[in-house]
file protein-v1.csv (CSV, C-alpha atoms)
chain,number,residue,atom,x,y,z
A,1,MET,CA,-2.8,-13.4,4.2
A,2,PRO,CA,-1.2,-16.0,6.5
A,3,VAL,CA,2.5,-15.7,6.1
A,4,SER,CA,3.0,-19.4,5.7
A,5,SER,CA,0.7,-19.5,2.6
A,6,PHE,CA,2.2,-16.6,0.7
A,7,ASP,CA,4.1,-17.8,-2.4
A,8,LEU,CA,5.8,-15.0,-4.4
A,9,LYS,CA,6.4,-17.3,-7.4
A,10,ARG,CA,2.7,-17.6,-7.9
A,11,ILE,CA,2.4,-13.8,-8.7
A,12,LEU,CA,5.5,-13.3,-10.7
A,13,ARG,CA,5.4,-13.4,-14.4
A,14,PRO,CA,6.6,-16.7,-15.8
A,15,ASN,CA,9.4,-15.0,-17.9
A,16,ILE,CA,10.7,-13.3,-14.8
A,17,LEU,CA,11.0,-16.7,-13.0
A,18,LYS,CA,13.0,-18.1,-15.9
A,19,LEU,CA,15.1,-14.9,-16.4
A,20,GLU,CA,18.8,-15.4,-16.5
A,21,PRO,CA,20.0,-12.0,-15.3
A,22,TYR,CA,22.8,-10.0,-17.0
A,23,ARG,CA,26.0,-10.5,-15.1
A,24,CYS,CA,28.0,-7.3,-14.7
A,25,ALA,CA,31.8,-7.1,-14.8
A,26,ARG,CA,31.7,-5.6,-11.3
A,27,ASP,CA,29.7,-8.5,-10.0
A,28,ASP,CA,33.0,-10.5,-10.2
A,29,TYR,CA,35.9,-8.2,-9.5
A,30,SER,CA,36.3,-4.5,-8.6
A,31,GLU,CA,39.9,-4.1,-7.7
A,32,GLY,CA,43.3,-4.4,-9.6
A,33,ILE,CA,44.1,-3.5,-13.2
A,34,LEU,CA,40.5,-3.6,-14.6
A,35,LEU,CA,40.5,-4.4,-18.3
A,36,ASP,CA,37.3,-6.5,-18.3
A,37,ALA,CA,34.4,-3.9,-18.9
A,38,ASN,CA,35.7,-1.8,-21.8
A,39,GLU,CA,35.9,1.3,-19.6
A,40,ASN,CA,38.2,4.2,-20.4
A,41,SER,CA,41.3,3.5,-18.3
A,42,TYR,CA,42.6,7.1,-18.7
A,43,GLY,CA,39.7,8.5,-16.7
A,44,PRO,CA,37.1,11.1,-17.6
A,45,ALA,CA,38.3,12.7,-20.8
A,46,TYR,CA,37.3,16.3,-19.7
A,47,GLN,CA,39.7,16.0,-16.7
A,48,VAL,CA,42.8,14.6,-18.4
A,49,GLU,CA,45.9,16.6,-19.3
A,50,ILE,CA,47.5,15.9,-22.8
A,51,SER,CA,51.0,16.9,-23.7
A,52,GLU,CA,53.3,16.3,-26.7
A,53,GLY,CA,56.0,13.7,-26.6
A,54,ALA,CA,59.6,14.6,-25.7
A,55,ASN,CA,61.9,16.2,-28.4
A,56,GLY,CA,59.0,17.0,-30.6
A,57,SER,CA,57.9,13.4,-31.2
A,58,ASP,CA,54.4,12.7,-32.3
A,59,ASP,CA,53.6,10.6,-29.2
A,60,LEU,CA,51.0,12.1,-26.9
A,61,HIS,CA,51.2,11.7,-23.1
A,62,ILE,CA,47.9,11.5,-21.3
A,63,SER,CA,47.7,11.9,-17.5
A,64,SER,CA,44.6,11.6,-15.5
A,65,GLY,CA,43.3,14.5,-13.5
A,66,ASN,CA,41.6,14.5,-10.1
A,67,ASN,CA,39.1,11.6,-10.3
A,68,ASP,CA,38.5,10.6,-6.7
A,69,LEU,CA,35.1,9.1,-7.5
A,70,ASN,CA,36.5,6.9,-10.3
A,71,LEU,CA,33.9,8.1,-12.7
A,72,HIS,CA,35.5,6.2,-15.5
A,73,ARG,CA,34.5,2.9,-13.8
A,74,TYR,CA,31.0,1.5,-13.6
A,75,PRO,CA,29.4,1.9,-10.2
A,76,ASP,CA,28.7,-0.9,-7.7
A,77,PRO,CA,25.6,-2.6,-9.4
A,78,LEU,CA,24.0,-3.2,-6.0
A,79,GLY,CA,25.1,0.0,-4.1
A,80,ARG,CA,26.3,-1.9,-1.1
A,81,LYS,CA,27.7,1.0,0.8
A,82,VAL,CA,24.5,2.9,0.6
A,83,LYS,CA,22.5,-0.1,1.7
A,84,ASP,CA,24.8,-0.6,4.7
A,85,ARG,CA,24.0,3.0,5.8
A,86,ILE,CA,20.3,2.6,5.2
A,87,LEU,CA,20.4,-0.1,7.9
A,88,LYS,CA,21.4,2.6,10.3
A,89,LEU,CA,18.4,4.7,9.3
A,90,ARG,CA,16.0,1.8,9.4
A,91,PRO,CA,17.5,-0.6,12.0
A,92,SER,CA,14.5,-2.9,11.8
A,93,VAL,CA,15.4,-4.0,8.3
A,94,PRO,CA,17.1,-7.4,8.5
A,95,SER,CA,19.9,-7.0,6.0
A,96,VAL,CA,21.2,-5.4,2.9
A,97,GLU,CA,19.7,-8.3,1.0
A,98,ASN,CA,16.3,-6.8,1.9
A,99,ILE,CA,17.0,-3.5,0.1
A,100,PHE,CA,16.6,-2.6,-3.5
A,101,LEU,CA,17.9,0.7,-5.0
A,102,GLY,CA,16.2,2.4,-8.0
A,103,VAL,CA,16.4,5.6,-10.0
A,104,GLY,CA,13.9,7.3,-7.8
A,105,SER,CA,10.8,5.6,-6.4
A,106,ASP,CA,9.4,5.7,-9.9
A,107,GLU,CA,11.8,3.0,-11.0
A,108,VAL,CA,10.8,0.9,-8.0
A,109,ILE,CA,7.1,1.3,-9.0
A,110,ASP,CA,7.8,0.4,-12.6
A,111,MET,CA,9.9,-2.6,-11.7
A,112,LEU,CA,7.3,-4.0,-9.4
A,113,VAL,CA,4.6,-3.8,-12.1
A,114,ARG,CA,6.9,-5.3,-14.7
A,115,ILE,CA,7.9,-8.3,-12.7
A,116,THR,CA,4.3,-9.2,-11.5
A,117,CYS,CA,1.7,-7.9,-14.0
A,118,THR,CA,1.2,-9.5,-17.5
A,119,PRO,CA,0.3,-6.7,-19.9
A,120,GLY,CA,-3.3,-6.8,-21.1
A,121,LYS,CA,-4.3,-9.3,-18.4
A,122,ASP,CA,-3.4,-8.2,-14.8
A,123,SER,CA,-4.4,-5.3,-12.6
A,124,ILE,CA,-3.2,-3.1,-9.7
A,125,LEU,CA,-5.4,-1.6,-7.0
A,126,ILE,CA,-5.0,2.0,-6.0
A,127,THR,CA,-6.8,4.2,-3.4
A,128,PRO,CA,-7.6,7.6,-4.7
A,129,PRO,CA,-6.7,10.3,-4.1
A,130,THR,CA,-3.1,9.1,-4.4
A,131,TYR,CA,0.2,9.5,-6.2
A,132,GLY,CA,-0.5,9.6,-9.9
A,133,MET,CA,2.5,7.5,-11.1
A,134,TYR,CA,0.9,4.2,-10.0
A,135,ARG,CA,-1.7,4.8,-12.7
A,136,VAL,CA,0.8,6.1,-15.2
A,137,VAL,CA,3.1,3.2,-14.9
A,138,ALA,CA,0.2,0.8,-15.1
A,139,ASN,CA,-1.0,2.5,-18.3
A,140,ILE,CA,2.5,2.4,-19.8
A,141,ASN,CA,2.7,-1.4,-19.1
A,142,ASP,CA,-0.9,-2.1,-20.4
A,143,VAL,CA,-2.0,-3.0,-16.9
A,144,ASN,CA,-5.6,-2.4,-15.6
A,145,VAL,CA,-6.2,0.0,-12.7
A,146,VAL,CA,-8.8,-0.8,-10.1
A,147,LYS,CA,-9.8,2.1,-7.8
A,148,VAL,CA,-11.1,1.8,-4.2
A,149,PRO,CA,-11.3,5.4,-2.9
A,150,LEU,CA,-10.1,6.4,0.5
A,151,ILE,CA,-12.7,7.5,3.1
A,152,VAL,CA,-12.6,11.3,2.4
A,153,GLU,CA,-15.4,12.6,4.5
A,154,GLY,CA,-14.2,15.3,6.8
A,155,GLY,CA,-10.8,15.1,5.2
A,156,GLU,CA,-10.1,11.8,6.9
A,157,PHE,CA,-8.2,10.2,4.0
A,158,GLN,CA,-8.0,6.7,5.6
A,159,LEU,CA,-8.4,3.3,4.0
A,160,ASP,CA,-11.9,1.8,3.4
A,161,VAL,CA,-10.4,-1.4,4.6
A,162,ASP,CA,-13.4,-3.7,4.0
A,163,ALA,CA,-13.8,-2.5,0.5
A,164,VAL,CA,-10.1,-2.8,-0.3
A,165,ILE,CA,-10.0,-6.4,1.0
A,166,GLN,CA,-13.2,-7.4,-0.7
A,167,VAL,CA,-12.2,-6.0,-4.1
A,168,ALA,CA,-8.7,-7.4,-4.0
A,169,VAL,CA,-9.7,-10.9,-2.9
A,170,ASP,CA,-12.5,-11.1,-5.4
A,171,ASP,CA,-10.4,-10.1,-8.4
A,172,PRO,CA,-7.7,-12.6,-9.1
A,173,THR,CA,-6.1,-10.3,-11.7
A,174,ILE,CA,-5.0,-7.8,-9.0
A,175,LYS,CA,-1.3,-8.4,-8.3
A,176,ILE,CA,-0.5,-5.3,-6.3
A,177,ILE,CA,-2.3,-3.1,-3.7
A,178,TRP,CA,-0.7,0.3,-3.6
A,179,LEU,CA,-0.9,2.2,-0.3
A,180,CYS,CA,0.5,5.6,0.3
A,181,SER,CA,1.5,6.6,3.9
A,182,PRO,CA,1.6,9.5,4.4
A,183,GLY,CA,-0.4,9.9,1.3
A,184,ASN,CA,0.1,12.3,-1.6
A,185,PRO,CA,-1.9,14.6,-1.8
A,186,THR,CA,-3.5,13.6,1.5
A,187,GLY,CA,-0.6,14.0,3.8
A,188,THR,CA,-2.1,11.3,6.1
A,189,TYR,CA,-0.4,8.5,7.8
A,190,LEU,CA,-2.4,5.3,7.5
A,191,ARG,CA,-3.5,3.6,10.7
A,192,GLU,CA,-1.5,0.5,11.6
A,193,GLU,CA,-4.5,-1.6,12.4
A,194,ASP,CA,-5.8,-0.9,8.9
A,195,VAL,CA,-2.5,-1.8,7.2
A,196,ARG,CA,-2.3,-5.0,9.2
A,197,ARG,CA,-5.8,-6.0,8.3
A,198,VAL,CA,-4.9,-5.7,4.6
A,199,LEU,CA,-1.7,-7.7,5.2
A,200,ASP,CA,-3.6,-10.4,7.2
A,201,SER,CA,-6.4,-10.7,4.6
A,202,ALA,CA,-6.7,-13.5,2.0
A,203,PHE,CA,-5.3,-11.3,-0.7
A,204,GLU,CA,-2.5,-13.3,-2.4
A,205,GLY,CA,-0.6,-10.5,-4.1
A,206,LEU,CA,1.9,-7.8,-3.1
A,207,VAL,CA,1.1,-5.0,-0.7
A,208,VAL,CA,3.3,-1.9,-1.4
A,209,ILE,CA,3.4,1.0,1.0
A,210,ASP,CA,4.9,4.2,-0.4
A,211,GLU,CA,6.6,6.1,2.4
A,212,ALA,CA,8.1,9.0,0.6
A,213,TYR,CA,7.1,11.4,3.4
A,214,VAL,CA,7.4,9.1,6.4
A,215,ASP,CA,10.2,11.1,8.0
A,216,PHE,CA,7.8,14.0,8.5
A,217,VAL,CA,5.5,12.0,10.7
A,218,ARG,CA,5.8,13.0,14.4
A,219,ALA,CA,7.1,10.1,16.5
A,220,ASP,CA,3.9,10.1,18.7
A,221,LYS,CA,1.8,9.4,15.6
A,222,GLY,CA,3.7,6.6,13.9
A,223,GLU,CA,6.8,5.3,12.2
A,224,SER,CA,8.0,3.5,9.1
A,225,TYR,CA,6.2,0.3,8.2
A,226,ALA,CA,9.6,-1.1,7.1
A,227,ARG,CA,9.6,-2.8,10.5
A,228,LEU,CA,6.8,-5.1,9.3
A,229,VAL,CA,8.9,-6.6,6.5
A,230,ARG,CA,10.1,-9.2,9.0
A,231,GLU,CA,6.5,-10.3,9.5
A,232,TYR,CA,5.0,-10.1,6.0
A,233,PRO,CA,6.9,-11.5,3.0
A,234,GLN,CA,4.2,-10.0,0.7
A,235,LEU,CA,5.1,-6.4,1.9
A,236,LEU,CA,7.4,-4.0,0.1
A,237,VAL,CA,8.0,-0.5,1.6
A,238,MET,CA,9.2,2.3,-0.7
A,239,GLN,CA,11.2,5.2,0.4
A,240,THR,CA,13.2,8.0,-1.2
A,241,MET,CA,16.1,10.4,-0.7
A,242,SER,CA,14.0,13.2,-2.4
A,243,LYS,CA,12.0,14.6,0.5
A,244,SER,CA,13.4,14.5,4.0
A,245,PHE,CA,17.0,14.4,2.8
A,246,GLY,CA,16.5,17.2,0.3
A,247,LEU,CA,18.1,15.2,-2.6
A,248,ALA,CA,15.4,15.1,-5.3
A,249,GLY,CA,18.2,15.8,-7.9
A,250,ILE,CA,20.1,12.5,-7.3
A,251,ARG,CA,17.0,10.4,-8.1
A,252,LEU,CA,17.5,7.6,-5.6
A,253,GLY,CA,14.6,5.4,-4.4
A,254,VAL,CA,14.5,2.5,-2.0
A,255,GLY,CA,12.5,-0.7,-1.9
A,256,ILE,CA,12.5,-2.7,1.3
A,257,GLY,CA,11.1,-6.2,1.2
A,258,SER,CA,11.8,-9.9,1.5
A,259,ARG,CA,15.2,-11.2,0.2
A,260,GLU,CA,13.4,-13.2,-2.4
A,261,LEU,CA,11.5,-10.2,-3.8
A,262,VAL,CA,14.5,-8.0,-3.8
A,263,SER,CA,16.5,-10.7,-5.6
A,264,TYR,CA,14.0,-10.7,-8.4
A,265,LEU,CA,14.0,-7.0,-8.6
A,266,ASN,CA,17.8,-7.0,-8.9
A,267,ASN,CA,17.6,-9.7,-11.6
A,268,ALA,CA,15.3,-7.6,-13.7
A,269,LYS,CA,16.8,-4.1,-13.3
A,270,ALA,CA,19.3,-2.5,-15.6
A,271,PRO,CA,22.9,-3.5,-14.8
A,272,TYR,CA,24.2,-0.2,-13.4
A,273,ASN,CA,20.9,1.6,-12.7
A,274,VAL,CA,22.1,4.0,-10.0
A,275,SER,CA,25.0,6.3,-10.9
A,276,THR,CA,28.3,6.7,-9.0
A,277,LEU,CA,27.4,10.4,-8.3
A,278,SER,CA,24.1,9.5,-6.8
A,279,LEU,CA,25.6,6.7,-4.7
A,280,SER,CA,28.4,9.0,-3.4
A,281,VAL,CA,26.0,11.8,-2.4
A,282,ALA,CA,23.6,9.3,-0.7
A,283,THR,CA,26.5,7.7,1.2
A,284,THR,CA,27.4,11.1,2.6
A,285,ALA,CA,23.8,12.0,3.4
A,286,LEU,CA,23.3,8.7,5.3
A,287,SER,CA,26.4,9.1,7.5
A,288,ASP,CA,25.9,9.7,11.2
A,289,ASP,CA,26.5,13.4,10.6
A,290,GLY,CA,24.1,13.5,7.7
A,291,LEU,CA,21.4,11.7,9.6
A,292,GLN,CA,21.7,14.1,12.5
A,293,LYS,CA,21.4,17.1,10.1
A,294,MET,CA,18.4,15.6,8.3
A,295,ARG,CA,16.6,15.1,11.6
A,296,GLY,CA,17.3,18.7,12.6
A,297,VAL,CA,15.9,19.9,9.3
A,298,MET,CA,12.8,17.7,9.9
A,299,CYS,CA,12.2,19.4,13.2
A,300,GLY,CA,12.3,22.8,11.5
A,301,ILE,CA,9.9,21.8,8.8
A,302,GLN,CA,7.5,20.3,11.3
A,303,LYS,CA,7.6,23.4,13.4
A,304,GLN,CA,7.0,25.7,10.4
A,305,ARG,CA,4.1,23.4,9.4
A,306,ASP,CA,2.4,23.1,12.7
A,307,GLU,CA,3.2,26.4,14.4
A,308,TYR,CA,3.0,28.8,11.5
A,309,LEU,CA,1.7,27.6,8.2
A,310,ILE,CA,-1.4,25.7,9.4
A,311,PRO,CA,-2.5,28.3,12.0
A,312,GLU,CA,-2.0,31.2,9.5
A,313,LEU,CA,-3.9,29.4,6.7
A,314,LYS,CA,-6.8,28.9,9.1
A,315,ARG,CA,-7.1,32.6,9.7
A,316,LEU,CA,-7.4,33.5,6.0
A,317,PRO,CA,-10.7,34.4,4.4
A,318,HIS,CA,-12.2,31.7,2.1
A,319,VAL,CA,-10.0,28.9,3.6
A,320,GLY,CA,-12.7,26.5,4.7
A,321,ALA,CA,-10.6,23.7,6.2
A,322,ILE,CA,-7.2,22.1,6.5
A,323,LEU,CA,-7.6,18.5,5.3
A,324,GLY,CA,-5.8,15.3,6.1
A,325,GLY,CA,-3.4,14.3,8.9
A,326,ASN,CA,-0.7,16.9,8.1
A,327,ASP,CA,1.9,14.2,8.4
A,328,ALA,CA,4.0,15.3,5.4
A,329,ASN,CA,6.0,18.4,4.3
A,330,PHE,CA,2.9,20.0,2.8
A,331,VAL,CA,-0.5,21.3,3.8
A,332,VAL,CA,-3.8,20.8,1.9
A,333,CYS,CA,-6.2,23.6,2.3
A,334,ARG,CA,-9.7,23.8,0.9
A,335,ILE,CA,-10.8,27.1,-0.7
A,336,VAL,CA,-14.5,27.9,-0.3
A,337,ASP,CA,-16.9,30.5,-1.7
A,338,SER,CA,-19.0,33.0,0.3
A,339,ASN,CA,-21.5,30.3,1.1
A,340,GLY,CA,-18.8,28.0,2.5
A,341,GLN,CA,-18.9,25.6,-0.4
A,342,ALA,CA,-15.7,24.2,-1.9
A,343,SER,CA,-14.8,26.2,-5.0
A,344,ASN,CA,-12.5,24.9,-7.7
A,345,GLU,CA,-13.1,28.2,-9.6
A,346,ILE,CA,-11.6,30.3,-6.8
A,347,ALA,CA,-8.8,27.8,-6.0
A,348,LYS,CA,-7.8,27.6,-9.6
A,349,SER,CA,-7.8,31.3,-10.2
A,350,VAL,CA,-5.7,31.9,-7.1
A,351,TYR,CA,-3.3,29.2,-8.2
A,352,VAL,CA,-2.9,30.7,-11.7
A,353,GLU,CA,-2.6,34.3,-10.5
A,354,MET,CA,0.2,33.3,-8.1
A,355,ALA,CA,2.1,31.2,-10.6
A,356,GLN,CA,1.8,33.5,-13.6
A,357,ASN,CA,2.0,37.0,-12.0
A,358,ARG,CA,3.3,36.6,-8.4
A,359,GLY,CA,6.3,34.3,-8.9
A,360,LEU,CA,4.8,31.9,-6.4
A,361,VAL,CA,3.9,28.3,-7.3
A,362,VAL,CA,1.7,25.9,-5.3
A,363,ARG,CA,-0.2,22.9,-6.5
A,364,TYR,CA,-3.9,22.9,-7.6
A,365,ARG,CA,-5.5,19.6,-6.6
A,366,GLY,CA,-9.2,20.4,-7.0
A,367,THR,CA,-9.7,17.7,-9.6
A,368,ASP,CA,-8.6,14.9,-7.3
A,369,PHE,CA,-11.2,12.8,-5.6
A,370,GLY,CA,-12.2,14.3,-2.3
A,371,CYS,CA,-10.0,17.4,-2.9
A,372,GLU,CA,-12.6,19.8,-4.3
A,373,GLY,CA,-11.3,23.4,-4.0
A,374,CYS,CA,-7.9,22.3,-2.7
A,375,LEU,CA,-4.5,23.8,-2.9
A,376,ARG,CA,-1.5,21.8,-1.8
A,377,ILE,CA,1.2,24.0,-0.3
A,378,THR,CA,4.7,22.7,0.4
A,379,VAL,CA,6.2,23.8,3.7
A,380,GLY,CA,9.0,26.2,2.6
A,381,THR,CA,11.5,28.2,4.5
A,382,ALA,CA,10.2,30.7,7.1
A,383,GLU,CA,10.6,33.5,4.5
A,384,GLU,CA,8.8,31.5,1.8
A,385,ASN,CA,5.9,30.6,4.1
A,386,LYS,CA,5.4,34.2,5.0
A,387,VAL,CA,5.2,35.2,1.3
A,388,VAL,CA,2.6,32.5,0.6
A,389,ILE,CA,0.5,33.6,3.5
A,390,ASP,CA,0.7,37.3,2.6
A,391,THR,CA,0.0,36.6,-1.0
A,392,LEU,CA,-3.0,34.4,-0.3
A,393,ARG,CA,-4.4,36.9,2.2
A,394,THR,CA,-4.2,39.6,-0.5
A,395,LEU,CA,-5.9,37.5,-3.2
A,396,LEU,CA,-8.5,35.8,-1.0
A,397,SER,CA,-9.5,39.1,0.6
A,398,ALA,CA,-10.4,40.4,-2.8
A,399,VAL,CA,-12.8,37.5,-3.5
A,400,GLN,CA,-16.4,38.5,-3.3

call {"tool": "encode", "arguments": {"input": "protein-v1.csv", "output": "structure tokens"}}
result
Amino acid sequence: MPVSSFDLKRILRPNILKLEPYRCARDDYSEGILLDANENSYGPAYQVEISEGANGSDDLHISSGNNDLNLHRYPDPLGRKVKDRILKLRPSVPSVENIFLGVGSDEVIDMLVRITCTPGKDSILITPPTYGMYRVVANINDVNVVKVPLIVEGGEFQLDVDAVIQVAVDDPTIKIIWLCSPGNPTGTYLREEDVRRVLDSAFEGLVVIDEAYVDFVRADKGESYARLVREYPQLLVMQTMSKSFGLAGIRLGVGIGSRELVSYLNNAKAPYNVSTLSLSVATTALSDDGLQKMRGVMCGIQKQRDEYLIPELKRLPHVGAILGGNDANFVVCRIVDSNGQASNEIAKSVYVEMAQNRGLVVRYRGTDFGCEGCLRITVGTAEENKVVIDTLRTLLSAVQ
């Protein structure tokens, strides 16, 4: 919709607009002798050294051990150092005030639904096949899910833009349109002209683009839509440290949007939602050296994907097609029967045999819309990729 007419307050829940956020002790002061937050001043108990008092007295002397991360203190509630470094990764983002940090992208998804959608009344719009947590979070929050499928013919997996706009504009209960680029399980980067058409439409709610896999997109195909946040206040772009940075275990998700939207997300989140350990690892990963290493790994994954895994999959019997844009760190292949028809039966049996008897786990996606007979295979190391090709060749060669 026209930027000048977007009003965030019109789509936020009334209780969120009136919310008086919890004020953390670390919002005020973070240095000096800190006796304001009921923390344990001695430090992490498992690290301290305890000795008896001098001359056999009953007094105990407690000294702190190595505690460089100050784990006995609450973390920065806004993760400012991490946000500063995210600006280096995404230089088009205006400021740290445009960045929200969550416990994985899943918390960002949940927070967006909770601040906008009234339970039992409002809706979200998703474009299957897509990431399942949008639906799960909506169900948890008693929010209706409206589905407008992607164009799946020929494995295209692009937006049916006219249908998305019509449904979203005609249904005033829809508060969020969820787009996934590159998609999961589609692995397809959404065309910019389609994304802009949705943003320029008369839809009055939020448009959220999930970019968990964006760093795997080749530069000649596209880049992060975080650069559009300056143009569209109704846009929020989600990213994560789980994929390209190889840090799924620290559970750190990122939301990039207008200052106003981010401020409401910060007001509604838990006081110290992201741990000191996660923030510390993320700060290191987002350093200049960390970014250089991440980009080097990305090149290796892209090369394995494009020059080995995809060509080798195409040579296998009963692999009918490689679907999608192949813009992520996985490949979706369609398993077919002897007549060339997509076969969930063969795909499922191969998946189960590999997982239960061969120590090799991929993902069966045959029940997703437009993914009949499909396996989703993560791009592994060169050794892992060879194992998956050799195993698939053995199993598929035995199929009659």

call {"tool": "closest_residue", "arguments": {"input": "protein-v1.csv", "among": "A:Asn357, A:Ser263, A:Gln302, A:Thr394", "to": "Asp327 of chain A", "atoms": "all atoms listed in the file"}}
result
A:Gln302

call {"tool": "residues_around", "arguments": {"input": "protein-v1.csv", "residues": "segment 339-350 of chain A", "least_positions_apart": "6", "cutoff": "12 Å", "atoms": "only C-alpha atoms", "output": "PyMOL selection string"}}
result
chain A and resi 317-321+332-333+356-358+360-368+370-376+388+391-400

call {"tool": "residues_around", "arguments": {"input": "protein-v1.csv", "residues": "segment 108-112 of chain A", "least_positions_apart": "4", "cutoff": "7 Å", "atoms": "all atoms listed in the file", "output": "ChimeraX atom specification"}}
result
/A:102,116,134,137,253,255,265

call {"tool": "write_last_selection", "arguments": {"input": "protein-v1.csv", "atoms": "C-alpha atoms", "output": "PDB file, in the coordinates of the input"}}
result
ATOM      1  CA  GLY A 102      16.200   2.400  -8.000  1.00  0.00           C
ATOM      2  CA  THR A 116       4.300  -9.200 -11.500  1.00  0.00           C
ATOM      3  CA  TYR A 134       0.900   4.200 -10.000  1.00  0.00           C
ATOM      4  CA  VAL A 137       3.100   3.200 -14.900  1.00  0.00           C
ATOM      5  CA  GLY A 253      14.600   5.400  -4.400  1.00  0.00           C
ATOM      6  CA  GLY A 255      12.500  -0.700  -1.900  1.00  0.00           C
ATOM      7  CA  LEU A 265      14.000  -7.000  -8.600  1.00  0.00           C
TER       8      LEU A 265
END

call {"tool": "atom_distance", "arguments": {"input": "protein-v1.csv", "atom1": "atom CA of Glu193 of chain A", "atom2": "atom CA of Val161 of chain A"}}
result
9.8 Å

call {"tool": "closest_atom_pairs", "arguments": {"input": "protein-v1.csv", "of": "segment 312-357 of chain A", "to": "segment 175-185 of chain A", "cutoff": "10 Å", "atoms": "all atoms listed in the file", "output": "Markdown table"}}
result
| residue | atom | partner | partner_atom | distance |
| --- | --- | --- | --- | --- |
| A:Leu323 | CA | A:Pro185 | CA | 9.9 |
| A:Gly324 | CA | A:Pro185 | CA | 8.8 |
| A:Gly325 | CA | A:Pro182 | CA | 8.3 |
| A:Asn326 | CA | A:Pro182 | CA | 8.6 |
| A:Asp327 | CA | A:Pro182 | CA | 6.2 |
| A:Ala328 | CA | A:Pro182 | CA | 6.4 |
| A:Asn329 | CA | A:Pro182 | CA | 9.9 |
| A:Phe330 | CA | A:Pro185 | CA | 8.6 |
| A:Val331 | CA | A:Pro185 | CA | 8.8 |
| A:Val332 | CA | A:Pro185 | CA | 7.5 |

call {"tool": "atom_distance", "arguments": {"input": "protein-v1.csv", "atom1": "atom CA of Asp288 of chain A", "atom2": "atom CA of Asp306 of chain A"}}
result
27.1 Å

call {"tool": "residues_around", "arguments": {"input": "protein-v1.csv", "residues": "segment 240-244 of chain A", "least_positions_apart": "3", "cutoff": "12 Å", "atoms": "all atoms listed in the file", "output": "number ranges by chain"}}
result
A: 82, 86, 89, 100-109, 210-217, 237, 247-256, 278-279, 281-286, 290-302, 328-330, 378-379

call {"tool": "atom_distance", "arguments": {"input": "protein-v1.csv", "atom1": "atom CA of Pro21 of chain A", "atom2": "atom CA of Tyr74 of chain A"}}
result
17.5 Å

call {"tool": "axis_aligned_box", "arguments": {"input": "protein-v1.csv", "around": "segment 86-105 of chain A", "padding_each_side": "4 Å", "output": "JSON"}}
result
{"center_x": 16.1, "center_y": -0.5, "center_z": 1.0, "size_x": 18.6, "size_y": 23.6, "size_z": 30.0}

call {"tool": "residues_around", "arguments": {"input": "protein-v1.csv", "residues": "Ala37 of chain A", "least_positions_apart": "5", "cutoff": "12 Å", "atoms": "all atoms listed in the file", "output": "list of chain:residue names"}}
result
A:Arg23, A:Cys24, A:Ala25, A:Arg26, A:Asp27, A:Asp28, A:Tyr29, A:Ser30, A:His72, A:Arg73, A:Tyr74, A:Pro75
